[in-house]
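Asker: My structure file run27.pdb, PDB, C-alpha atoms and all ligand atoms, is below:
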```
ATOM      1  CA  MET T   4     -58.754  20.686  16.229  1.00  0.00           C
ATOM      2  CA  LYS T   5     -61.458  22.488  18.187  1.00  0.00           C
ATOM      3  CA  LYS T   6     -64.348  20.647  19.782  1.00  0.00           C
ATOM      4  CA  LYS T   7     -67.778  21.918  20.742  1.00  0.00           C
ATOM      5  CA  ILE T   8     -69.354  20.458  23.869  1.00  0.00           C
ATOM      6  CA  HIS T   9     -72.740  21.830  24.886  1.00  0.00           C
ATOM      7  CA  ASP T  10     -72.359  25.624  24.541  1.00  0.00           C
ATOM      8  CA  LYS T  11     -68.557  25.875  24.783  1.00  0.00           C
ATOM      9  CA  HIS T  12     -65.613  25.465  22.424  1.00  0.00           C
ATOM     10  CA  PHE T  13     -62.526  23.613  23.595  1.00  0.00           C
ATOM     11  CA  VAL T  14     -58.987  23.720  22.195  1.00  0.00           C
ATOM     12  CA  PRO T  15     -56.133  21.203  22.651  1.00  0.00           C
ATOM     13  CA  PHE T  16     -54.197  21.578  25.888  1.00  0.00           C
ATOM     14  CA  LEU T  17     -52.404  18.321  26.834  1.00  0.00           C
ATOM     15  CA  SER T  18     -51.819  15.689  24.151  1.00  0.00           C
ATOM     16  CA  GLU T  19     -52.322  11.975  24.634  1.00  0.00           C
ATOM     17  CA  ALA T  20     -48.514  11.528  24.500  1.00  0.00           C
ATOM     18  CA  GLN T  21     -47.920  14.168  27.193  1.00  0.00           C
ATOM     19  CA  ILE T  22     -50.522  12.540  29.429  1.00  0.00           C
ATOM     20  CA  GLN T  23     -49.112   9.046  28.915  1.00  0.00           C
ATOM     21  CA  ASP T  24     -45.574  10.287  29.677  1.00  0.00           C
ATOM     22  CA  ALA T  25     -46.819  11.760  32.959  1.00  0.00           C
ATOM     23  CA  VAL T  26     -48.675   8.543  33.815  1.00  0.00           C
ATOM     24  CA  LYS T  27     -45.471   6.529  33.197  1.00  0.00           C
ATOM     25  CA  ARG T  28     -43.398   8.933  35.291  1.00  0.00           C
ATOM     26  CA  ILE T  29     -45.830   8.729  38.216  1.00  0.00           C
ATOM     27  CA  GLY T  30     -46.032   4.925  37.862  1.00  0.00           C
ATOM     28  CA  GLN T  31     -42.246   4.660  38.083  1.00  0.00           C
ATOM     29  CA  GLN T  32     -42.163   6.852  41.200  1.00  0.00           C
ATOM     30  CA  ILE T  33     -44.830   4.703  42.852  1.00  0.00           C
ATOM     31  CA  ASN T  34     -43.063   1.460  41.868  1.00  0.00           C
ATOM     32  CA  GLN T  35     -39.967   2.821  43.559  1.00  0.00           C
ATOM     33  CA  ASP T  36     -41.658   4.213  46.681  1.00  0.00           C
ATOM     34  CA  TYR T  37     -43.868   1.184  47.370  1.00  0.00           C
ATOM     35  CA  LYS T  38     -41.611  -1.684  46.330  1.00  0.00           C
ATOM     36  CA  ASP T  39     -41.707  -3.324  49.768  1.00  0.00           C
ATOM     37  CA  VAL T  40     -45.389  -2.857  50.611  1.00  0.00           C
ATOM     38  CA  SER T  41     -48.689  -3.457  48.851  1.00  0.00           C
ATOM     39  CA  PRO T  42     -50.555  -0.184  48.797  1.00  0.00           C
ATOM     40  CA  LEU T  43     -54.276   0.326  48.495  1.00  0.00           C
ATOM     41  CA  PHE T  44     -55.310   2.842  45.843  1.00  0.00           C
ATOM     42  CA  ILE T  45     -58.599   4.643  46.296  1.00  0.00           C
ATOM     43  CA  ALA T  46     -59.721   6.161  43.007  1.00  0.00           C
ATOM     44  CA  ILE T  47     -62.385   8.837  43.169  1.00  0.00           C
ATOM     45  CA  LEU T  48     -65.110   8.447  40.542  1.00  0.00           C
ATOM     46  CA  ASN T  49     -66.174   9.529  38.033  1.00  0.00           C
ATOM     47  CA  GLY T  50     -63.356  11.733  36.792  1.00  0.00           C
ATOM     48  CA  SER T  51     -60.370   9.586  37.738  1.00  0.00           C
ATOM     49  CA  PHE T  52     -61.442   6.330  36.073  1.00  0.00           C
ATOM     50  CA  MET T  53     -59.219   6.667  32.995  1.00  0.00           C
ATOM     51  CA  PHE T  54     -56.174   7.986  34.840  1.00  0.00           C
ATOM     52  CA  ALA T  55     -56.531   5.326  37.555  1.00  0.00           C
ATOM     53  CA  SER T  56     -56.780   2.570  34.940  1.00  0.00           C
ATOM     54  CA  ASP T  57     -53.708   3.703  32.961  1.00  0.00           C
ATOM     55  CA  LEU T  58     -51.695   4.342  36.130  1.00  0.00           C
ATOM     56  CA  PHE T  59     -52.586   0.963  37.604  1.00  0.00           C
ATOM     57  CA  LYS T  60     -51.297  -0.731  34.433  1.00  0.00           C
ATOM     58  CA  GLN T  61     -47.902   0.912  35.014  1.00  0.00           C
ATOM     59  CA  LEU T  62     -47.522  -0.685  38.429  1.00  0.00           C
ATOM     60  CA  GLU T  63     -45.185  -3.625  38.852  1.00  0.00           C
ATOM     61  CA  ILE T  64     -45.701  -3.873  42.609  1.00  0.00           C
ATOM     62  CA  ASN T  65     -48.466  -5.777  44.390  1.00  0.00           C
ATOM     63  CA  ALA T  66     -51.311  -3.316  44.769  1.00  0.00           C
ATOM     64  CA  GLU T  67     -55.063  -3.168  45.323  1.00  0.00           C
ATOM     65  CA  ILE T  68     -57.506  -0.637  43.957  1.00  0.00           C
ATOM     66  CA  SER T  69     -60.941   0.383  45.098  1.00  0.00           C
ATOM     67  CA  PHE T  70     -63.250   2.865  43.358  1.00  0.00           C
ATOM     68  CA  ILE T  71     -65.405   5.199  45.384  1.00  0.00           C
ATOM     69  CA  LYS T  72     -67.819   8.013  44.750  1.00  0.00           C
ATOM     70  CA  LEU T  73     -67.992  11.107  46.899  1.00  0.00           C
ATOM     71  CA  ALA T  74     -71.332  12.730  47.520  1.00  0.00           C
ATOM     72  CA  SER T  75     -70.833  16.228  48.888  1.00  0.00           C
ATOM     73  CA  TYR T  76     -73.359  18.455  50.532  1.00  0.00           C
ATOM     74  CA  LYS T  77     -73.211  21.581  52.632  1.00  0.00           C
ATOM     75  CA  GLY T  78     -73.185  20.904  56.352  1.00  0.00           C
ATOM     76  CA  THR T  79     -73.731  23.441  59.094  1.00  0.00           C
ATOM     77  CA  SER T  80     -71.460  26.487  59.169  1.00  0.00           C
ATOM     78  CA  SER T  81     -69.206  24.720  61.660  1.00  0.00           C
ATOM     79  CA  THR T  82     -68.867  21.527  59.611  1.00  0.00           C
ATOM     80  CA  GLY T  83     -68.559  23.214  56.197  1.00  0.00           C
ATOM     81  CA  THR T  84     -68.669  20.819  53.262  1.00  0.00           C
ATOM     82  CA  VAL T  85     -69.489  17.255  54.233  1.00  0.00           C
ATOM     83  CA  VAL T  86     -68.558  14.392  51.956  1.00  0.00           C
ATOM     84  CA  THR T  87     -69.824  10.847  52.154  1.00  0.00           C
ATOM     85  CA  ALA T  88     -67.756   8.121  50.554  1.00  0.00           C
ATOM     86  CA  ILE T  89     -69.885   5.577  48.724  1.00  0.00           C
ATOM     87  CA  GLY T  90     -68.310   2.171  48.186  1.00  0.00           C
ATOM     88  CA  LEU T  91     -65.469   2.450  50.674  1.00  0.00           C
ATOM     89  CA  GLU T  92     -65.449  -1.149  51.883  1.00  0.00           C
ATOM     90  CA  ALA T  93     -61.763  -1.903  52.226  1.00  0.00           C
ATOM     91  CA  THR T  94     -60.189  -1.890  55.681  1.00  0.00           C
ATOM     92  CA  LEU T  95     -57.813   1.042  55.805  1.00  0.00           C
ATOM     93  CA  HIS T  96     -56.311   0.427  59.228  1.00  0.00           C
ATOM     94  CA  ASN T  97     -52.525   0.063  58.914  1.00  0.00           C
ATOM     95  CA  ARG T  98     -52.692   0.171  55.097  1.00  0.00           C
ATOM     96  CA  ASP T  99     -50.553   2.307  52.827  1.00  0.00           C
ATOM     97  CA  VAL T 100     -53.268   4.301  51.080  1.00  0.00           C
ATOM     98  CA  VAL T 101     -52.925   6.381  47.915  1.00  0.00           C
ATOM     99  CA  ILE T 102     -55.880   8.518  46.822  1.00  0.00           C
ATOM    100  CA  ILE T 103     -56.188   8.959  43.045  1.00  0.00           C
ATOM    101  CA  GLU T 104     -57.918  12.136  41.821  1.00  0.00           C
ATOM    102  CA  ASP T 105     -58.334  13.547  38.331  1.00  0.00           C
ATOM    103  CA  ILE T 106     -57.966  17.197  39.324  1.00  0.00           C
ATOM    104  CA  VAL T 107     -57.517  19.223  42.476  1.00  0.00           C
ATOM    105  CA  ASP T 108     -59.213  22.563  41.914  1.00  0.00           C
ATOM    106  CA  THR T 109     -60.141  24.486  45.092  1.00  0.00           C
ATOM    107  CA  GLY T 110     -59.098  21.513  47.238  1.00  0.00           C
ATOM    108  CA  LYS T 111     -62.507  21.476  48.914  1.00  0.00           C
ATOM    109  CA  THR T 112     -63.351  17.859  48.064  1.00  0.00           C
ATOM    110  CA  LEU T 113     -60.082  16.380  49.280  1.00  0.00           C
ATOM    111  CA  SER T 114     -59.835  18.586  52.348  1.00  0.00           C
ATOM    112  CA  ALA T 115     -63.217  17.204  53.427  1.00  0.00           C
ATOM    113  CA  PHE T 116     -62.340  13.590  52.529  1.00  0.00           C
ATOM    114  CA  ILE T 117     -58.762  13.249  53.833  1.00  0.00           C
ATOM    115  CA  PRO T 118     -59.738  13.509  57.556  1.00  0.00           C
ATOM    116  CA  GLN T 119     -62.204  10.648  57.046  1.00  0.00           C
ATOM    117  CA  ILE T 120     -59.430   8.421  55.719  1.00  0.00           C
ATOM    118  CA  LEU T 121     -57.136   9.443  58.575  1.00  0.00           C
ATOM    119  CA  ASP T 122     -59.870   8.455  61.060  1.00  0.00           C
ATOM    120  CA  HIS T 123     -59.244   4.850  59.980  1.00  0.00           C
ATOM    121  CA  HIS T 124     -55.572   5.126  61.001  1.00  0.00           C
ATOM    122  CA  PRO T 125     -53.860   4.060  57.790  1.00  0.00           C
ATOM    123  CA  HIS T 126     -50.122   3.374  58.048  1.00  0.00           C
ATOM    124  CA  SER T 127     -49.542   6.113  55.455  1.00  0.00           C
ATOM    125  CA  LEU T 128     -51.601   8.317  53.136  1.00  0.00           C
ATOM    126  CA  LYS T 129     -50.481   9.938  49.901  1.00  0.00           C
ATOM    127  CA  ILE T 130     -52.331  11.933  47.283  1.00  0.00           C
ATOM    128  CA  CYS T 131     -51.955  11.416  43.540  1.00  0.00           C
ATOM    129  CA  SER T 132     -53.639  13.775  41.085  1.00  0.00           C
ATOM    130  CA  LEU T 133     -53.236  14.121  37.346  1.00  0.00           C
ATOM    131  CA  LEU T 134     -53.946  17.866  37.386  1.00  0.00           C
ATOM    132  CA  HIS T 135     -53.699  20.712  39.895  1.00  0.00           C
ATOM    133  CA  LYS T 136     -55.029  24.252  39.507  1.00  0.00           C
ATOM    134  CA  LYS T 137     -52.733  25.984  41.952  1.00  0.00           C
ATOM    135  CA  GLU T 138     -54.252  29.447  41.399  1.00  0.00           C
ATOM    136  CA  ALA T 139     -57.697  28.148  42.373  1.00  0.00           C
ATOM    137  CA  THR T 140     -56.556  26.838  45.765  1.00  0.00           C
ATOM    138  CA  VAL T 141     -58.831  27.608  48.686  1.00  0.00           C
ATOM    139  CA  HIS T 142     -57.892  24.583  50.783  1.00  0.00           C
ATOM    140  CA  PRO T 143     -54.201  23.752  50.248  1.00  0.00           C
ATOM    141  CA  ILE T 144     -53.578  20.047  49.619  1.00  0.00           C
ATOM    142  CA  LYS T 145     -50.149  18.440  49.551  1.00  0.00           C
ATOM    143  CA  ILE T 146     -50.074  16.450  46.330  1.00  0.00           C
ATOM    144  CA  ASP T 147     -47.411  13.752  46.522  1.00  0.00           C
ATOM    145  CA  TYR T 148     -47.696  12.536  42.915  1.00  0.00           C
ATOM    146  CA  LEU T 149     -48.718  15.113  40.318  1.00  0.00           C
ATOM    147  CA  GLY T 150     -49.041  15.001  36.545  1.00  0.00           C
ATOM    148  CA  PHE T 151     -49.375  18.697  35.672  1.00  0.00           C
ATOM    149  CA  GLU T 152     -49.829  22.113  37.274  1.00  0.00           C
ATOM    150  CA  ILE T 153     -52.374  23.906  35.074  1.00  0.00           C
ATOM    151  CA  PRO T 154     -53.804  27.438  34.963  1.00  0.00           C
ATOM    152  CA  ASP T 155     -57.228  28.142  36.435  1.00  0.00           C
ATOM    153  CA  LEU T 156     -59.114  27.225  33.249  1.00  0.00           C
ATOM    154  CA  PHE T 157     -61.870  24.693  32.722  1.00  0.00           C
ATOM    155  CA  VAL T 158     -60.627  21.487  31.076  1.00  0.00           C
ATOM    156  CA  VAL T 159     -62.254  18.334  29.694  1.00  0.00           C
ATOM    157  CA  GLY T 160     -61.131  14.956  28.424  1.00  0.00           C
ATOM    158  CA  TYR T 161     -59.323  11.870  29.693  1.00  0.00           C
ATOM    159  CA  GLY T 162     -62.068  11.242  32.222  1.00  0.00           C
ATOM    160  CA  LEU T 163     -62.940  14.864  32.985  1.00  0.00           C
ATOM    161  CA  ASP T 164     -66.317  16.116  31.848  1.00  0.00           C
ATOM    162  CA  TYR T 165     -68.252  19.235  31.060  1.00  0.00           C
ATOM    163  CA  ASP T 166     -71.778  18.541  32.239  1.00  0.00           C
ATOM    164  CA  GLY T 167     -71.442  14.827  31.536  1.00  0.00           C
ATOM    165  CA  LEU T 168     -69.676  15.020  28.170  1.00  0.00           C
ATOM    166  CA  GLY T 169     -66.061  14.924  27.029  1.00  0.00           C
ATOM    167  CA  ARG T 170     -64.763  12.120  29.254  1.00  0.00           C
ATOM    168  CA  ASN T 171     -63.921   9.898  26.267  1.00  0.00           C
ATOM    169  CA  LEU T 172     -61.325  12.252  24.738  1.00  0.00           C
ATOM    170  CA  HIS T 173     -57.768  10.833  24.730  1.00  0.00           C
ATOM    171  CA  GLN T 174     -56.351  14.320  25.159  1.00  0.00           C
ATOM    172  CA  ILE T 175     -57.197  17.125  27.581  1.00  0.00           C
ATOM    173  CA  MET T 176     -58.730  20.248  26.070  1.00  0.00           C
ATOM    174  CA  GLN T 177     -59.242  23.660  27.617  1.00  0.00           C
ATOM    175  CA  VAL T 178     -62.124  26.024  27.215  1.00  0.00           C
ATOM    176  CA  GLU T 179     -61.541  28.681  24.573  1.00  0.00           C
ATOM    177  CA  ASN T 180     -61.731  32.189  25.975  1.00  0.00           C
TER     178      ASN T 180
HETATM  179  P1  LIG G 201     -62.269  20.797  44.235  1.00  0.00           P
HETATM  180  O1  LIG G 201     -63.067  20.223  45.371  1.00  0.00           O
HETATM  181  O2  LIG G 201     -62.612  22.243  43.978  1.00  0.00           O
HETATM  182  O3  LIG G 201     -60.779  20.570  44.372  1.00  0.00           O
HETATM  183  O4  LIG G 201     -62.783  20.097  42.920  1.00  0.00           O
HETATM  184  C1  LIG G 201     -62.488  18.832  42.558  1.00  0.00           C
HETATM  185  C2  LIG G 201     -63.471  18.280  41.535  1.00  0.00           C
HETATM  186  O5  LIG G 201     -64.093  19.307  40.709  1.00  0.00           O
HETATM  187  C3  LIG G 201     -62.739  17.386  40.564  1.00  0.00           C
HETATM  188  O6  LIG G 201     -62.639  16.064  41.051  1.00  0.00           O
HETATM  189  C4  LIG G 201     -63.580  17.503  39.313  1.00  0.00           C
HETATM  190  O7  LIG G 201     -64.630  16.553  39.348  1.00  0.00           O
HETATM  191  C5  LIG G 201     -64.176  18.884  39.363  1.00  0.00           C
HETATM  192  N1  LIG G 201     -63.410  19.835  38.511  1.00  0.00           N
HETATM  193  C6  LIG G 201     -62.660  20.861  38.932  1.00  0.00           C
HETATM  194  N2  LIG G 201     -62.117  21.526  37.907  1.00  0.00           N
HETATM  195  C7  LIG G 201     -62.533  20.894  36.765  1.00  0.00           C
HETATM  196  C8  LIG G 201     -62.299  21.116  35.360  1.00  0.00           C
HETATM  197  O8  LIG G 201     -61.565  22.024  34.917  1.00  0.00           O
HETATM  198  N3  LIG G 201     -62.917  20.246  34.513  1.00  0.00           N
HETATM  199  C9  LIG G 201     -63.710  19.234  34.934  1.00  0.00           C
HETATM  200  N4  LIG G 201     -63.950  18.994  36.241  1.00  0.00           N
HETATM  201  C10 LIG G 201     -63.368  19.813  37.157  1.00  0.00           C
END
```
Using structure tokens, write down the structure from this file.

Answerer:
Amino acid sequence: MKKKIHDKHFVPFLSEAQIQDAVKRIGQQINQDYKDVSPLFIAILNGSFMFASDLFKQLEINAEISFIKLASYKGTSSTGTVVTAIGLEATLHNRDVVIIEDIVDTGKTLSAFIPQILDHHPHSLKICSLLHKKEATVHPIKIDYLGFEIPDLFVVGYGLDYDGLGRNLHQIMQVEN
């Protein structure tokens, strides 16, 4: 079934079952990798709220989660994109940190944010993203836990929006071209 959001039409891309299978698979990997420590998850709002919630429910280990918002603006030519993390109150020093993203597109957001986390000297840092548009990469990011590699097409649903709408879809839909 097609869906119209604002001026665009979207068609089904990843079903709810496919997404939930990926969430379970990633949850199992994390349960295995972090069984002896209690990691701190940092979920980046708004897009990751649904993925972070479903993934967190899969965890059987002791774990904490904190939700942050990133405000990005253009710095000087030497600083490039600058991001400010809003709501990052947890102490990261010596913690095993896992960043949860909805989608890594160009990699610009994470490449600006990761050094800020590393400044706090966590014990370890891993990246978890539901989606990755490899072809759109400008700043390569090593994604440790990934749901799906997807083509460079605009998608909505399961937390991702098109100009504010579409986040409530259980599936992920791609723009019709
Ligand atoms: P990046 O900095 O280019 O990697 O972009 C990351 C952010 O752009 C994501 O967290 C999303 O908020 C947004 N984004 C990138 N691609 C899409 C898409 O296809 N649909 C919805 N949001 C997207």

Asker: So that I can see what lies close to T:Ile106, please list as number ranges by chain the residues with an atom at most 6 Å from it, counting all atoms listed in the file and leaving out residues fewer than 2 positions away in the same chain.

Answerer: T: 104, 132-135

Asker: Could you save those same residues with C-alpha atoms as an mmCIF file, in the coordinates of the input?

Answerer:
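Generated output (part32.cif):
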```cif
data_model
loop_
_atom_site.group_PDB
_atom_site.id
_atom_site.type_symbol
_atom_site.label_atom_id
_atom_site.label_comp_id
_atom_site.auth_asym_id
_atom_site.auth_seq_id
_atom_site.Cartn_x
_atom_site.Cartn_y
_atom_site.Cartn_z
ATOM 1 C CA GLU T 104 -57.918 12.136 41.821
ATOM 2 C CA SER T 132 -53.639 13.775 41.085
ATOM 3 C CA LEU T 133 -53.236 14.121 37.346
ATOM 4 C CA LEU T 134 -53.946 17.866 37.386
ATOM 5 C CA HIS T 135 -53.699 20.712 39.895
#
```

Asker: Box for ligand LIG 201 (chain G): with edges along x, y and z, all listed atoms inside and 3 Å added on each side, what are the centre and edge lengths in Å to one decimal, as AutoDock Vina command-line options?

Answerer:
```
--center_x -62.7 --center_y 19.2 --center_z 39.9 --size_x 9.9 --size_y 12.2 --size_z 16.9
```

Asker: Of the residues T:Ser18, T:Gln174, T:Asn180, T:Thr140, which is the one nearest to T:Phe157, using all atoms listed in the file?

Answerer: T:Asn180

Asker: In Å, with one decimal, what is the gap from atom CA of T:Leu149 to atom CA of T:Val85?

Answerer: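 Those two atoms sit 25.1 Å apart.
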
Asker: Can I get the residues close to ligand LIG 201 (chain G) as an mmCIF file with C-alpha atoms, in the frame of the given file, where close means within 7 Å and we count only C-alpha atoms and all ligand atoms?

Answerer:
```cif
data_model
loop_
_atom_site.group_PDB
_atom_site.id
_atom_site.type_symbol
_atom_site.label_atom_id
_atom_site.label_comp_id
_atom_site.auth_asym_id
_atom_site.auth_seq_id
_atom_site.Cartn_x
_atom_site.Cartn_y
_atom_site.Cartn_z
ATOM 1 C CA GLY T 50 -63.356 11.733 36.792
ATOM 2 C CA GLU T 104 -57.918 12.136 41.821
ATOM 3 C CA ASP T 105 -58.334 13.547 38.331
ATOM 4 C CA ILE T 106 -57.966 17.197 39.324
ATOM 5 C CA VAL T 107 -57.517 19.223 42.476
ATOM 6 C CA ASP T 108 -59.213 22.563 41.914
ATOM 7 C CA THR T 109 -60.141 24.486 45.092
ATOM 8 C CA GLY T 110 -59.098 21.513 47.238
ATOM 9 C CA LYS T 111 -62.507 21.476 48.914
ATOM 10 C CA THR T 112 -63.351 17.859 48.064
ATOM 11 C CA LEU T 113 -60.082 16.380 49.280
ATOM 12 C CA LEU T 156 -59.114 27.225 33.249
ATOM 13 C CA PHE T 157 -61.870 24.693 32.722
ATOM 14 C CA VAL T 158 -60.627 21.487 31.076
ATOM 15 C CA VAL T 159 -62.254 18.334 29.694
ATOM 16 C CA LEU T 163 -62.940 14.864 32.985
ATOM 17 C CA ASP T 164 -66.317 16.116 31.848
ATOM 18 C CA TYR T 165 -68.252 19.235 31.060
#
```

Asker: Leaving out T:Asp122 and any residue of its chain fewer than 6 positions from it, which residues lie within 12 Å of it when counting only C-alpha atoms, given as an NGL selection string?

Answerer: :T and (94-97 or 116 or 128)

Asker: How far is it from atom CA of T:Met176 to atom CA of T:Val14, in Å with one decimal?

Answerer: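 So the two atoms, atom CA of T:Met176 and atom CA of T:Val14, lie 5.2 Å apart.
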
Asker: Evaluate the PyMOL selection byres (((chain T and resi 169) around 12) and not hetatm) on the structure here and hand back the selected residues as a PyMOL selection string.

Answerer: chain T and resi 6-9+11-13+50+158-168+170-178

Asker: For the provided coordinates, the residues matched by the PyMOL selection byres (((chain T and resi 100) around 8) and not hetatm) should be stated as a ChimeraX atom specification.

Answerer: /T:42-45,95,98-99,101-102,125-129

Asker: Interatomic distance between atom CA of T:Thr84 and atom CA of T:His142?

Answerer: 11.7 Å

Asker: Starting from the shown file, work through the PyMOL selection byres (((chain T and resi 147) around 7) and not hetatm) and note down what comes out as a PyMOL selection string.

Answerer: chain T and resi 129-131+145-146+148-149

Asker: Given the choices T:Thr87, T:Ser114, T:Gln61, T:Asn49, which gets closest to T:Gln35 if the distance is worked out from all atoms listed in the file?

Answerer: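 Among the listed residues, T:Gln61 lies closest to T:Gln35.
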
Asker: Just checking: using all atoms listed in the file, which residue out of T:Ile22, T:Ile89, T:Met4, T:Ala115 ends up closest to T:Phe54?

Answerer: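 That would be T:Ile22, the residue with the smallest distance to T:Phe54.
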
Asker: Which residue gives the smallest distance to T:Gln31 among T:Asp155, T:Asp10, T:Glu63, T:Glu19, with all atoms listed in the file counted?

Answerer: T:Glu63

Asker: Skip T:Ile64 itself and residues of its chain fewer than 3 positions away, then list as a list in words all residues within 9 Å of it, counting only C-alpha atoms.

Answerer: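 Residues near the query, excluding close chain neighbours: Ile33, Asn34, Gln35, Tyr37, Lys38, Asp39, Val40, Ser41 and Pro42 of chain T.
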